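Engineer: Next up, entry25.cif (mmCIF, C-alpha atoms (C1' of nucleotides)).
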```cif
data_data
loop_
_atom_site.label_atom_id
_atom_site.label_comp_id
_atom_site.auth_asym_id
_atom_site.auth_seq_id
_atom_site.Cartn_x
_atom_site.Cartn_y
_atom_site.Cartn_z
CA MET A 1 112.70 -16.49 -7.83
CA ALA A 2 113.95 -19.41 -9.85
CA ARG A 3 115.06 -22.91 -8.83
CA THR A 4 113.29 -23.81 -5.59
CA THR A 5 114.91 -25.49 -2.61
CA GLY A 6 114.71 -29.27 -2.71
CA SER A 7 113.63 -29.39 -6.34
CA HIS A 8 114.81 -32.43 -8.26
CA SER A 9 113.71 -33.96 -11.55
CA ASP A 10 113.52 -37.44 -10.01
CA ILE A 11 110.80 -36.11 -7.74
CA THR A 12 109.03 -33.59 -9.97
CA GLY A 13 108.93 -35.87 -13.00
CA PRO A 14 106.76 -38.58 -11.41
CA ARG A 15 104.62 -35.92 -9.76
CA VAL A 16 103.90 -34.38 -13.14
CA ARG A 17 102.85 -37.73 -14.57
CA ASP A 18 100.74 -38.58 -11.53
CA ALA A 19 98.93 -35.26 -11.59
CA ALA A 20 98.34 -35.46 -15.34
CA LEU A 21 97.02 -39.02 -15.07
CA ARG A 22 94.56 -38.15 -12.35
CA LEU A 23 93.36 -34.91 -13.92
CA PHE A 24 93.04 -36.36 -17.43
CA ALA A 25 91.02 -39.28 -16.05
CA ARG A 26 88.78 -37.03 -13.99
CA HIS A 27 88.07 -34.20 -16.45
CA GLY A 28 89.35 -35.37 -19.81
CA PHE A 29 92.49 -34.41 -21.71
CA ALA A 30 91.00 -31.43 -23.53
CA ALA A 31 89.40 -30.03 -20.40
CA VAL A 32 92.64 -29.97 -18.38
CA SER A 33 95.10 -27.11 -18.82
CA MET A 34 98.82 -27.21 -18.32
CA ARG A 35 98.35 -24.62 -15.59
CA GLN A 36 96.02 -26.95 -13.68
CA ILE A 37 98.59 -29.73 -13.82
CA ALA A 38 101.30 -27.31 -12.72
CA THR A 39 99.20 -26.11 -9.78
CA GLU A 40 98.65 -29.71 -8.68
CA VAL A 41 102.41 -30.31 -8.77
CA GLY A 42 103.13 -27.02 -7.03
CA VAL A 43 105.07 -25.45 -9.85
CA GLN A 44 104.63 -22.90 -12.64
CA ALA A 45 103.33 -24.02 -16.02
CA GLY A 46 106.62 -23.37 -17.75
CA ALA A 47 108.40 -25.90 -15.57
CA LEU A 48 106.33 -28.74 -17.01
CA TYR A 49 108.22 -28.36 -20.27
CA ASN A 50 111.29 -29.81 -18.61
CA TYR A 51 109.35 -33.08 -18.49
CA THR A 52 107.41 -33.18 -21.74
CA PRO A 53 107.91 -31.48 -25.11
CA ASP A 54 104.19 -30.69 -25.27
CA LYS A 55 100.81 -31.58 -23.83
CA GLN A 56 100.00 -34.35 -26.26
CA SER A 57 103.30 -36.15 -25.68
CA LEU A 58 102.45 -36.19 -22.00
CA LEU A 59 99.16 -37.93 -22.74
CA PHE A 60 100.77 -40.38 -25.11
CA ALA A 61 103.53 -41.28 -22.65
CA LEU A 62 100.93 -42.14 -20.01
CA MET A 63 98.96 -44.31 -22.41
CA ARG A 64 101.99 -46.05 -23.87
CA ASP A 65 103.52 -46.78 -20.47
CA HIS A 66 100.24 -48.28 -19.34
CA MET A 67 99.95 -50.52 -22.37
CA VAL A 68 103.57 -51.68 -22.11
CA GLU A 69 103.06 -52.57 -18.46
CA LEU A 70 99.90 -54.44 -19.39
CA LEU A 71 101.65 -56.38 -22.13
CA ASP A 72 104.66 -57.26 -19.99
CA ALA A 73 102.37 -58.59 -17.29
CA VAL A 74 100.10 -60.62 -19.55
CA GLU A 75 103.02 -62.18 -21.36
CA ALA A 76 104.44 -63.33 -18.03
CA LEU A 77 101.39 -65.50 -17.30
CA PRO A 78 102.27 -69.21 -16.91
CA ASP A 79 102.10 -71.52 -19.91
CA VAL A 80 99.50 -74.08 -18.90
CA SER A 81 96.47 -75.76 -20.47
CA PRO A 82 94.08 -73.62 -22.55
CA LEU A 83 91.37 -73.74 -19.90
CA ALA A 84 93.76 -72.77 -17.10
CA LYS A 85 95.26 -70.11 -19.33
CA LEU A 86 91.85 -68.64 -20.02
CA GLU A 87 91.03 -68.58 -16.33
CA GLY A 88 94.37 -66.92 -15.66
CA PHE A 89 93.69 -64.30 -18.29
CA VAL A 90 90.24 -63.49 -16.94
CA ARG A 91 91.45 -63.12 -13.37
CA PHE A 92 94.53 -61.17 -14.45
CA HIS A 93 92.59 -58.71 -16.61
CA ILE A 94 90.13 -57.92 -13.85
CA ALA A 95 92.81 -57.48 -11.18
CA PHE A 96 95.26 -55.49 -13.31
CA HIS A 97 92.62 -53.09 -14.54
CA HIS A 98 91.15 -52.70 -11.07
CA GLU A 99 94.51 -51.48 -9.77
CA ARG A 100 94.87 -48.77 -12.43
CA PRO A 101 91.45 -47.24 -13.02
CA ASP A 102 92.81 -43.88 -14.19
CA ALA A 103 95.26 -45.30 -16.72
CA VAL A 104 92.63 -47.70 -18.04
CA PHE A 105 90.10 -44.93 -18.37
CA ILE A 106 92.48 -42.68 -20.25
CA SER A 107 93.69 -45.42 -22.55
CA TYR A 108 90.14 -46.12 -23.69
CA MET A 109 88.77 -42.57 -23.74
CA GLU A 110 91.49 -40.33 -25.07
CA LEU A 111 92.48 -42.20 -28.21
CA ARG A 112 90.88 -39.53 -30.36
CA ASN A 113 93.15 -36.85 -28.87
CA LEU A 114 96.25 -38.59 -30.21
CA SER A 115 98.06 -37.68 -33.39
CA PRO A 116 97.72 -40.31 -36.13
CA GLU A 117 101.19 -41.72 -35.46
CA ASN A 118 100.67 -41.94 -31.72
CA PHE A 119 97.26 -43.49 -32.26
CA GLU A 120 98.72 -46.12 -34.54
CA ALA A 121 101.46 -46.95 -32.04
CA LEU A 122 98.89 -47.48 -29.31
CA GLU A 123 96.60 -49.55 -31.51
CA THR A 124 99.49 -51.86 -32.26
CA LEU A 125 100.03 -52.47 -28.56
CA ARG A 126 96.32 -53.02 -28.01
CA ARG A 127 96.18 -55.54 -30.84
CA ARG A 128 99.08 -57.44 -29.31
CA TYR A 129 97.15 -57.69 -26.05
CA GLU A 130 94.03 -58.92 -27.83
CA THR A 131 96.11 -61.50 -29.67
CA VAL A 132 97.15 -63.05 -26.38
CA LEU A 133 93.53 -63.87 -25.62
CA GLU A 134 92.73 -64.89 -29.17
CA ASP A 135 95.62 -67.36 -29.17
CA ILE A 136 94.29 -68.91 -25.99
CA LEU A 137 90.84 -69.29 -27.50
CA HIS A 138 92.29 -70.65 -30.71
CA SER A 139 94.39 -73.30 -29.00
CA GLY A 140 91.40 -74.28 -26.89
CA VAL A 141 89.29 -74.73 -30.00
CA ALA A 142 92.04 -76.79 -31.62
CA ALA A 143 92.18 -78.99 -28.52
CA GLY A 144 88.42 -79.53 -28.64
CA LEU A 145 87.96 -77.78 -25.29
CA PHE A 146 86.27 -74.61 -26.54
CA GLN A 147 83.38 -74.09 -28.89
CA VAL A 148 83.64 -70.66 -30.44
CA ALA A 149 82.22 -69.65 -33.81
CA ASP A 150 84.73 -66.81 -34.33
CA THR A 151 87.71 -66.41 -32.02
CA ARG A 152 88.15 -62.77 -33.08
CA ILE A 153 84.64 -61.82 -32.00
CA ALA A 154 84.82 -63.87 -28.85
CA THR A 155 88.04 -62.04 -27.97
CA TRP A 156 86.38 -58.65 -28.29
CA ALA A 157 83.31 -59.84 -26.41
CA VAL A 158 85.30 -61.19 -23.47
CA ILE A 159 87.57 -58.16 -23.20
CA ALA A 160 84.64 -55.73 -23.33
CA MET A 161 82.83 -57.72 -20.68
CA LEU A 162 85.84 -57.84 -18.36
CA THR A 163 86.81 -54.21 -18.83
CA GLY A 164 83.27 -53.26 -17.89
CA VAL A 165 84.02 -54.28 -14.32
CA ASN A 166 85.87 -51.00 -13.82
CA THR A 167 82.70 -48.98 -14.41
CA TRP A 168 80.96 -50.32 -11.32
CA PHE A 169 83.24 -52.31 -9.03
CA ARG A 170 84.75 -50.56 -6.02
CA ALA A 171 86.68 -52.33 -3.27
CA GLY A 172 85.04 -52.39 0.12
CA GLY A 173 81.53 -53.02 -1.14
CA ARG A 174 79.26 -56.03 -1.06
CA LEU A 175 81.64 -58.16 -3.10
CA SER A 176 85.36 -58.82 -2.91
CA LEU A 177 87.54 -58.70 -5.99
CA ASN A 178 87.75 -62.48 -5.71
CA ASP A 179 83.96 -62.82 -5.83
CA VAL A 180 83.90 -60.76 -8.98
CA GLN A 181 86.69 -62.78 -10.57
CA ASP A 182 84.83 -65.99 -9.73
CA GLN A 183 81.60 -64.84 -11.29
CA TYR A 184 83.15 -63.46 -14.46
CA TRP A 185 85.25 -66.58 -14.88
CA GLU A 186 82.10 -68.69 -14.55
CA MET A 187 80.33 -66.67 -17.24
CA VAL A 188 83.31 -66.68 -19.60
CA ARG A 189 83.90 -70.38 -19.13
CA ARG A 190 80.31 -71.27 -19.92
CA ALA A 191 80.26 -68.92 -22.89
CA VAL A 192 83.18 -70.62 -24.63
CA ALA A 193 83.68 -74.13 -23.17
CA VAL A 194 82.10 -77.21 -24.79
CA GLY A 195 79.20 -79.09 -23.20
CA MET B 1 73.96 -8.32 -42.55
CA ALA B 2 71.46 -9.95 -40.22
CA ARG B 3 68.73 -12.52 -40.85
CA THR B 4 69.66 -14.52 -43.94
CA THR B 5 67.33 -15.50 -46.74
CA GLY B 6 65.61 -18.84 -46.22
CA SER B 7 66.57 -19.08 -42.54
CA HIS B 8 64.05 -20.84 -40.34
CA SER B 9 64.30 -22.35 -36.85
CA ASP B 10 62.68 -25.59 -37.97
CA ILE B 11 65.64 -26.13 -40.28
CA THR B 12 68.48 -24.60 -38.29
CA GLY B 13 67.50 -26.28 -35.01
CA PRO B 14 67.99 -29.87 -36.20
CA ARG B 15 71.11 -28.86 -38.07
CA VAL B 16 72.62 -27.49 -34.87
CA ARG B 17 71.90 -30.74 -33.02
CA ASP B 18 73.22 -32.88 -35.88
CA ALA B 19 76.44 -30.91 -36.15
CA ALA B 20 76.97 -30.94 -32.38
CA LEU B 21 76.35 -34.69 -32.19
CA ARG B 22 78.82 -35.48 -34.91
CA LEU B 23 81.51 -33.10 -33.70
CA PHE B 24 81.20 -34.09 -30.03
CA ALA B 25 81.48 -37.76 -31.01
CA ARG B 26 84.46 -37.17 -33.23
CA HIS B 27 86.55 -34.79 -31.11
CA GLY B 28 84.97 -34.77 -27.67
CA PHE B 29 82.79 -32.17 -25.99
CA ALA B 30 85.60 -30.12 -24.50
CA ALA B 31 87.59 -30.08 -27.73
CA VAL B 32 84.74 -28.67 -29.84
CA SER B 33 84.04 -24.93 -29.81
CA MET B 34 80.74 -23.23 -30.41
CA ARG B 35 82.35 -21.57 -33.41
CA GLN B 36 83.16 -24.96 -34.94
CA ILE B 37 79.56 -26.06 -34.57
CA ALA B 38 78.38 -22.76 -36.03
CA THR B 39 80.69 -23.13 -39.02
CA GLU B 40 79.36 -26.62 -39.67
CA VAL B 41 75.81 -25.26 -39.62
CA GLY B 42 76.76 -22.29 -41.78
CA VAL B 43 75.97 -19.63 -39.21
CA GLN B 44 77.72 -17.34 -36.74
CA ALA B 45 78.37 -18.54 -33.19
CA GLY B 46 75.88 -16.13 -31.65
CA ALA B 47 73.02 -17.68 -33.61
CA LEU B 48 73.44 -20.99 -31.75
CA TYR B 49 72.08 -19.35 -28.62
CA ASN B 50 68.63 -19.27 -30.20
CA TYR B 51 68.70 -23.06 -29.88
CA THR B 52 70.42 -23.72 -26.58
CA PRO B 53 70.92 -21.62 -23.45
CA ASP B 54 74.54 -22.77 -23.28
CA LYS B 55 77.00 -25.39 -24.50
CA GLN B 56 76.41 -27.88 -21.72
CA SER B 57 72.63 -27.86 -22.20
CA LEU B 58 73.23 -28.76 -25.83
CA LEU B 59 75.27 -31.79 -24.77
CA PHE B 60 72.74 -32.85 -22.18
CA ALA B 61 69.82 -32.55 -24.61
CA LEU B 62 71.58 -34.88 -27.03
CA MET B 63 72.31 -37.45 -24.34
CA ARG B 64 68.86 -37.29 -22.78
CA ASP B 65 67.06 -37.58 -26.11
CA HIS B 66 69.15 -40.63 -26.95
CA MET B 67 68.40 -42.33 -23.65
CA VAL B 68 64.68 -41.60 -23.89
CA GLU B 69 64.57 -43.07 -27.38
CA LEU B 70 66.44 -46.12 -26.13
CA LEU B 71 64.06 -46.60 -23.22
CA ASP B 72 60.95 -46.16 -25.35
CA ALA B 73 62.21 -48.74 -27.80
CA VAL B 74 63.26 -51.35 -25.24
CA GLU B 75 60.01 -51.05 -23.35
CA ALA B 76 58.12 -51.77 -26.57
CA LEU B 77 59.71 -55.22 -26.92
CA PRO B 78 57.11 -58.05 -26.88
CA ASP B 79 56.24 -59.77 -23.61
CA VAL B 80 57.23 -63.38 -24.23
CA SER B 81 59.11 -66.11 -22.35
CA PRO B 82 62.30 -65.19 -20.48
CA LEU B 83 64.52 -66.94 -23.01
CA ALA B 84 62.82 -65.25 -25.98
CA LYS B 85 62.89 -61.95 -24.14
CA LEU B 86 66.60 -62.27 -23.52
CA GLU B 87 67.22 -63.07 -27.16
CA GLY B 88 65.08 -60.08 -28.15
CA PHE B 89 67.04 -57.82 -25.82
CA VAL B 90 70.41 -58.96 -27.17
CA ARG B 91 69.40 -58.49 -30.80
CA PHE B 92 67.72 -55.17 -30.05
CA HIS B 93 70.66 -53.73 -28.14
CA ILE B 94 73.12 -54.57 -30.90
CA ALA B 95 70.90 -53.20 -33.68
CA PHE B 96 69.79 -50.05 -31.89
CA HIS B 97 73.30 -49.08 -30.87
CA HIS B 98 74.66 -49.88 -34.32
CA GLU B 99 72.28 -47.36 -35.86
CA ARG B 100 73.37 -44.50 -33.57
CA PRO B 101 77.11 -44.77 -33.06
CA ASP B 102 77.60 -41.06 -32.35
CA ALA B 103 74.84 -40.79 -29.75
CA VAL B 104 76.02 -44.00 -28.07
CA PHE B 105 79.60 -42.81 -27.99
CA ILE B 106 78.68 -39.47 -26.47
CA SER B 107 76.35 -40.96 -23.89
CA TYR B 108 79.14 -43.19 -22.58
CA MET B 109 82.06 -40.80 -22.89
CA GLU B 110 80.85 -37.37 -21.92
CA LEU B 111 79.16 -38.11 -18.61
CA ARG B 112 81.93 -36.31 -16.77
CA ASN B 113 81.20 -33.09 -18.62
CA LEU B 114 77.70 -32.91 -17.20
CA SER B 115 76.67 -30.85 -14.21
CA PRO B 116 75.75 -32.96 -11.15
CA GLU B 117 72.01 -32.55 -11.75
CA ASN B 118 72.27 -33.46 -15.42
CA PHE B 119 74.50 -36.40 -14.59
CA GLU B 120 72.00 -37.69 -12.06
CA ALA B 121 69.14 -37.37 -14.53
CA LEU B 122 71.02 -39.40 -17.09
CA GLU B 123 72.09 -42.04 -14.58
CA THR B 124 68.45 -42.54 -13.66
CA LEU B 125 67.59 -43.25 -17.28
CA ARG B 126 70.53 -45.60 -17.62
CA ARG B 127 69.51 -47.53 -14.53
CA ARG B 128 66.01 -47.92 -15.91
CA TYR B 129 67.48 -49.47 -19.04
CA GLU B 130 69.65 -51.86 -17.02
CA THR B 131 66.65 -52.84 -14.96
CA VAL B 132 64.88 -54.09 -18.08
CA LEU B 133 67.63 -56.65 -18.59
CA GLU B 134 67.94 -57.48 -14.93
CA ASP B 135 64.21 -58.21 -14.73
CA ILE B 136 64.53 -60.60 -17.65
CA LEU B 137 67.39 -62.43 -15.99
CA HIS B 138 65.57 -62.50 -12.69
CA SER B 139 62.40 -63.98 -14.13
CA GLY B 140 64.47 -66.56 -16.02
CA VAL B 141 66.20 -67.59 -12.82
CA ALA B 142 62.85 -67.84 -11.03
CA ALA B 143 61.55 -70.06 -13.84
CA GLY B 144 64.58 -72.33 -13.55
CA LEU B 145 65.73 -71.44 -17.05
CA PHE B 146 68.76 -69.38 -16.16
CA GLN B 147 71.62 -70.05 -13.80
CA VAL B 148 73.12 -66.75 -12.68
CA ALA B 149 74.95 -66.16 -9.42
CA ASP B 150 74.15 -62.44 -9.32
CA THR B 151 71.68 -60.90 -11.76
CA ARG B 152 73.09 -57.42 -11.16
CA ILE B 153 76.59 -58.43 -12.23
CA ALA B 154 75.32 -60.50 -15.14
CA THR B 155 73.38 -57.45 -16.33
CA TRP B 156 76.49 -55.29 -16.36
CA ALA B 157 78.52 -58.05 -17.98
CA VAL B 158 76.04 -58.59 -20.81
CA ILE B 159 75.52 -54.90 -21.51
CA ALA B 160 79.27 -54.21 -21.57
CA MET B 161 79.80 -57.13 -23.91
CA LEU B 162 77.04 -56.04 -26.29
CA THR B 163 77.97 -52.37 -26.31
CA GLY B 164 81.49 -53.39 -27.23
CA VAL B 165 80.22 -54.35 -30.69
CA ASN B 166 80.19 -50.66 -31.61
CA THR B 167 83.95 -50.38 -31.19
CA TRP B 168 84.73 -52.75 -34.02
CA PHE B 169 81.70 -53.66 -36.13
CA ARG B 170 81.15 -51.77 -39.38
CA ALA B 171 78.51 -52.68 -41.96
CA GLY B 172 79.82 -53.96 -45.26
CA GLY B 173 82.62 -56.06 -43.80
CA ARG B 174 83.13 -59.80 -43.48
CA LEU B 175 80.08 -60.21 -41.26
CA SER B 176 76.50 -58.98 -41.49
CA LEU B 177 74.75 -57.44 -38.51
CA ASN B 178 72.72 -60.64 -38.33
CA ASP B 179 75.87 -62.77 -38.07
CA VAL B 180 77.03 -60.63 -35.18
CA GLN B 181 73.67 -60.84 -33.44
CA ASP B 182 73.69 -64.62 -33.83
CA GLN B 183 77.13 -65.04 -32.33
CA TYR B 184 76.55 -62.70 -29.40
CA TRP B 185 73.21 -64.31 -28.66
CA GLU B 186 74.90 -67.72 -28.64
CA MET B 187 77.53 -66.51 -26.14
CA VAL B 188 75.01 -64.78 -23.90
CA ARG B 189 72.66 -67.75 -23.96
CA ARG B 190 75.38 -70.18 -22.95
CA ALA B 191 76.68 -67.82 -20.27
CA VAL B 192 73.35 -67.64 -18.43
CA ALA B 193 71.17 -70.60 -19.48
CA VAL B 194 71.11 -73.84 -17.46
CA GLY B 195 72.91 -76.99 -18.64
"C1'" DC C 1 52.66 -1.06 -48.05
"C1'" DT C 2 52.98 -1.28 -43.27
"C1'" DT C 3 53.58 -3.57 -39.07
"C1'" DG C 4 55.30 -6.99 -35.87
"C1'" DG C 5 57.76 -10.97 -35.05
"C1'" DT C 6 61.78 -14.11 -36.26
"C1'" DT C 7 66.36 -15.04 -37.25
"C1'" DT C 8 70.95 -13.79 -37.84
"C1'" DT C 9 75.08 -10.79 -37.87
"C1'" DG C 10 79.20 -8.75 -36.15
"C1'" DA C 11 81.50 -6.79 -32.74
"C1'" DA C 12 82.72 -6.84 -28.16
"C1'" DC C 13 83.91 -8.71 -23.34
"C1'" DA C 14 86.69 -10.88 -19.99
"C1'" DT C 15 89.23 -14.69 -19.43
"C1'" DG C 16 91.93 -18.82 -20.65
"C1'" DT C 17 95.03 -21.42 -23.89
"C1'" DG C 18 99.78 -23.91 -25.02
"C1'" DT C 19 104.23 -22.63 -25.36
"C1'" DT C 20 108.78 -19.91 -25.16
"C1'" DC C 21 112.68 -17.95 -22.86
"C1'" DA C 22 115.86 -14.72 -20.48
"C1'" DG C 23 116.99 -14.42 -15.96
"C1'" DT C 24 117.63 -16.31 -11.29
"C1'" DT C 25 118.44 -19.45 -7.69
"C1'" DA C 26 119.68 -24.11 -5.72
"C1'" DA C 27 122.43 -28.18 -6.02
"C1'" DA C 28 126.47 -30.70 -7.58
"C1'" DT C 29 131.22 -30.83 -8.85
"C1'" DC C 30 135.92 -29.60 -8.51
"C1'" DG D 1 135.07 -21.34 -2.04
"C1'" DA D 2 134.53 -21.05 -7.06
"C1'" DT D 3 132.39 -22.84 -11.07
"C1'" DT D 4 129.21 -25.43 -13.62
"C1'" DT D 5 124.88 -27.62 -14.18
"C1'" DA D 6 119.94 -28.42 -13.12
"C1'" DA D 7 115.43 -26.64 -11.98
"C1'" DC D 8 112.31 -23.18 -11.87
"C1'" DT D 9 110.05 -18.39 -12.20
"C1'" DG D 10 107.46 -14.83 -14.24
"C1'" DA D 11 106.31 -12.41 -17.92
"C1'" DA D 12 105.11 -12.40 -22.44
"C1'" DC D 13 103.08 -13.99 -27.05
"C1'" DA D 14 99.40 -14.69 -30.25
"C1'" DC D 15 95.29 -16.54 -30.38
"C1'" DA D 16 90.89 -19.16 -28.81
"C1'" DT D 17 87.10 -19.52 -25.55
"C1'" DG D 18 81.76 -19.15 -24.19
"C1'" DT D 19 78.51 -15.79 -24.11
"C1'" DT D 20 75.90 -11.24 -24.77
"C1'" DC D 21 73.41 -7.85 -27.38
"C1'" DA D 22 72.12 -3.84 -30.31
"C1'" DA D 23 71.29 -3.47 -34.92
"C1'" DA D 24 69.89 -5.25 -39.27
"C1'" DA D 25 67.55 -8.02 -42.59
"C1'" DC D 26 64.12 -11.34 -43.71
"C1'" DC D 27 59.37 -13.37 -43.46
"C1'" DA D 28 54.33 -13.44 -42.59
"C1'" DA D 29 49.97 -11.18 -41.64
"C1'" DG D 30 46.75 -7.39 -42.04
#
```
Show me, as structure tokens, the structure contained in the file I just sent.

Structural biologist:
Amino acid sequence: MARTTGSHSDITGPRVRDAALRLFARHGFAAVSMRQIATEVGVQAGALYNYTPDKQSLLFALMRDHMVELLDAVEALPDVSPLAKLEGFVRFHIAFHHERPDAVFISYMELRNLSPENFEALETLRRRYETVLEDILHSGVAAGLFQVADTRIATWAVIAMLTGVNTWFRAGGRLSLNDVQDQYWEMVRRAVAVG
Amino acid sequence: MARTTGSHSDITGPRVRDAALRLFARHGFAAVSMRQIATEVGVQAGALYNYTPDKQSLLFALMRDHMVELLDAVEALPDVSPLAKLEGFVRFHIAFHHERPDAVFISYMELRNLSPENFEALETLRRRYETVLEDILHSGVAAGLFQVADTRIATWAVIAMLTGVNTWFRAGGRLSLNDVQDQYWEMVRRAVAVG
DNA sequence: CTTGGTTTTGAACATGTGTTCAGTTAAATC
DNA sequence: GATTTAACTGAACACATGTTCAAAACCAAG
């Protein structure tokens, strides 16, 4: 046997990425073999190499694509007052991350499995995302709306707090996503706003 | 060759655990082989099985020991007012986690490599730790000192925020550990305290 | 010095790993 | 219908994996 009926790279390509994303998130990059991914796709392991030069590049592509999506979305947020911007950021972060639990998980957990160059590329993207929030905090401080001792630390604190939602929140439970957004926004607002 | 001169289980045992802790934290459980651990200890792979029945038990022992230490320490905090208790918890969490970056990292990252029973055992310990903070928040709310919509969510939010310190803080930099504790305590206090 | 217990070696086992590639079949193009 | 291109198979490569165990060497006690 060789080429199978109905096979097409436009179909197999996304299926490879989807399977890799799910398996990497569930079991970890190092614990997943190329043969497991291939089985999930319904193909032999060798066929995967039409879609990635090697296993690590597959991981990196997933992480990079996720971060680029994240950046594009956050930079499209409306340009309003610092307080409204902060609220927008909080609600956006929670919602965006909730929709992509696997990609978020991988992007935080598998950094150590990247080559130095790939790691650096991803860190650069992550820093750009953090800077969006830090700029908001900074402009709020300048406008006398926020009271923050160190905008850098506050940035890390807020992002860690918001990202933590993914570890426990599941849709269909006691609280809606909106409830969660409301409560986190309330805590963030009080933590940084004056008076 | 066989038994080596100077070999003793009281020495090799801790060395096995130390090497495993450091390697698991650095490269991940699945990416570290028993032979790598053995090399680090200065022993052949077979000798490790005098100290653990298998690889997974070694991981679990490290995680469980860490959580038990954490629980013992947090339950020894003084019984004072809710506000002072909360401050004590915040400062304790930051300091304790700062001193054990490898154990903290492993205990958060390698949960998925545990068997179901081991996972459940660790989750129970983690819930007990969270309950310490939730009880503090709850008693503060009852005393009219705190204003928190949902103590469960606030617990997760605070712990995620505090644990995040480990991802960026390194001793010897711009800020002392005390500076960091001060700033996080300020943010937590404002996020939950009334007016 | 002998005996009994402790600790480690070194080889082996069965299986799994990422990756390559010649050969084969399906789809697309002319 | 003939030819070219795209997609995949299946086998192979060289090596790594967790774990077991008889044999050997060390240490401690009598």

Engineer: Just say which residues the PyMOL selection byres ((chain C) within 12 of (chain A)) picks in this file, as a count of residues only.

Structural biologist: 13

Engineer: On this structure, which residues satisfy the PyMOL selection byres ((chain D and resi 1) around 12), written as a ChimeraX atom specification?

Structural biologist: /C:30 /D:2-3

Engineer: Just need the box for region 16-30 of chain C, edges along x, y and z, holding every atom the file lists for it with 3 Å tacked onto each side, so centre and edge lengths in Å to one decimal, as JSON.

Structural biologist:
```
{"center_x": 113.9, "center_y": -22.6, "center_z": -15.5, "size_x": 50.0, "size_y": 22.4, "size_z": 25.6}
```

Engineer: Evaluate the PyMOL selection byres ((chain D) within 6 of (chain B)) against this structure - the residues, as a ChimeraX atom specification, please.

Structural biologist: /D:24-26

Engineer: So what do you get for CA of Leu114 (chain B) versus CA of Gly28 (chain A), distance-wise?

Structural biologist: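 These atoms are spaced 12.2 Å apart.
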
Engineer: Could you work out how far CA of Asp72 (chain A) lies from CA of Trp168 (chain B), giving the answer in Å with one decimal?

Structural biologist: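 The value is 24.8 Å.
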
Engineer: Which residues come within 10 Å of region 98-101 of chain A, counting all atoms listed in the file, excluding same-chain residues fewer than 2 positions away, as number ranges by chain?

Structural biologist: A: 22, 25, 66, 92-96, 103-107, 163, 165-167, 169-171, 177

Engineer: Would you kindly return, as an MDAnalysis selection string, each protein, DNA or RNA residue with an atom no farther than 9 Å from any atom of Glu75 (chain B), considering only C-alpha atoms (C1' of nucleotides) and excluding same-chain residues fewer than 4 positions away?

Structural biologist: chainID B and resid 70:71 129 132

Engineer: For the residues in that selection, give me C-alpha atoms as a PDB file, in the frame of the given file.

Structural biologist:
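Everything below was put into part.pdb:
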```pdb
ATOM      1  CA  LEU B  70      66.440 -46.120 -26.130  1.00  0.00           C
ATOM      2  CA  LEU B  71      64.060 -46.600 -23.220  1.00  0.00           C
ATOM      3  CA  TYR B 129      67.480 -49.470 -19.040  1.00  0.00           C
ATOM      4  CA  VAL B 132      64.880 -54.090 -18.080  1.00  0.00           C
TER       5      VAL B 132
END
```

Engineer: Suppose you want the space between CA of Thr12 (chain A) and CA of Leu62 (chain A); what is it in Å?

Structural biologist: 15.5 Å

Engineer: Taking (73.5, -31.2, -20.3) as a centre in this file's frame and 12 Å as the limit, can you find every polymer residue with an atom that close, using all atoms listed in the file, and give them as number ranges by chain?

Structural biologist: B: 29, 52-65, 106-107, 110-122

Engineer: Excluding same-chain residues fewer than 5 positions from Ala47 (chain B), what lies within 9 Å of it counting all atoms listed in the file, as a ChimeraX atom specification?

Structural biologist: /B:38 /C:7-9

Engineer: Define the interface residues of chain B facing chain A as those within 6 Å, counting all atoms listed in the file, and report them as a list in words.

Structural biologist: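 Listed by rising number, the hits are Ala30, Ala31, Ala157, Ala160, Met161, Gly164, Met187, Arg190 and Ala191 of chain B.
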
Engineer: Residues near Gly140 (chain B), anyone? I mean within 8 Å using only C-alpha atoms (C1' of nucleotides), not counting same-chain ones fewer than 6 positions away, as a tab-separated table (two decimals) with C-alpha atoms, in the frame of the given file.

Structural biologist:
```
chain	number	residue	atom	x	y	z
B	82	PRO	CA	62.30	-65.19	-20.48
B	83	LEU	CA	64.52	-66.94	-23.01
B	146	PHE	CA	68.76	-69.38	-16.16
```
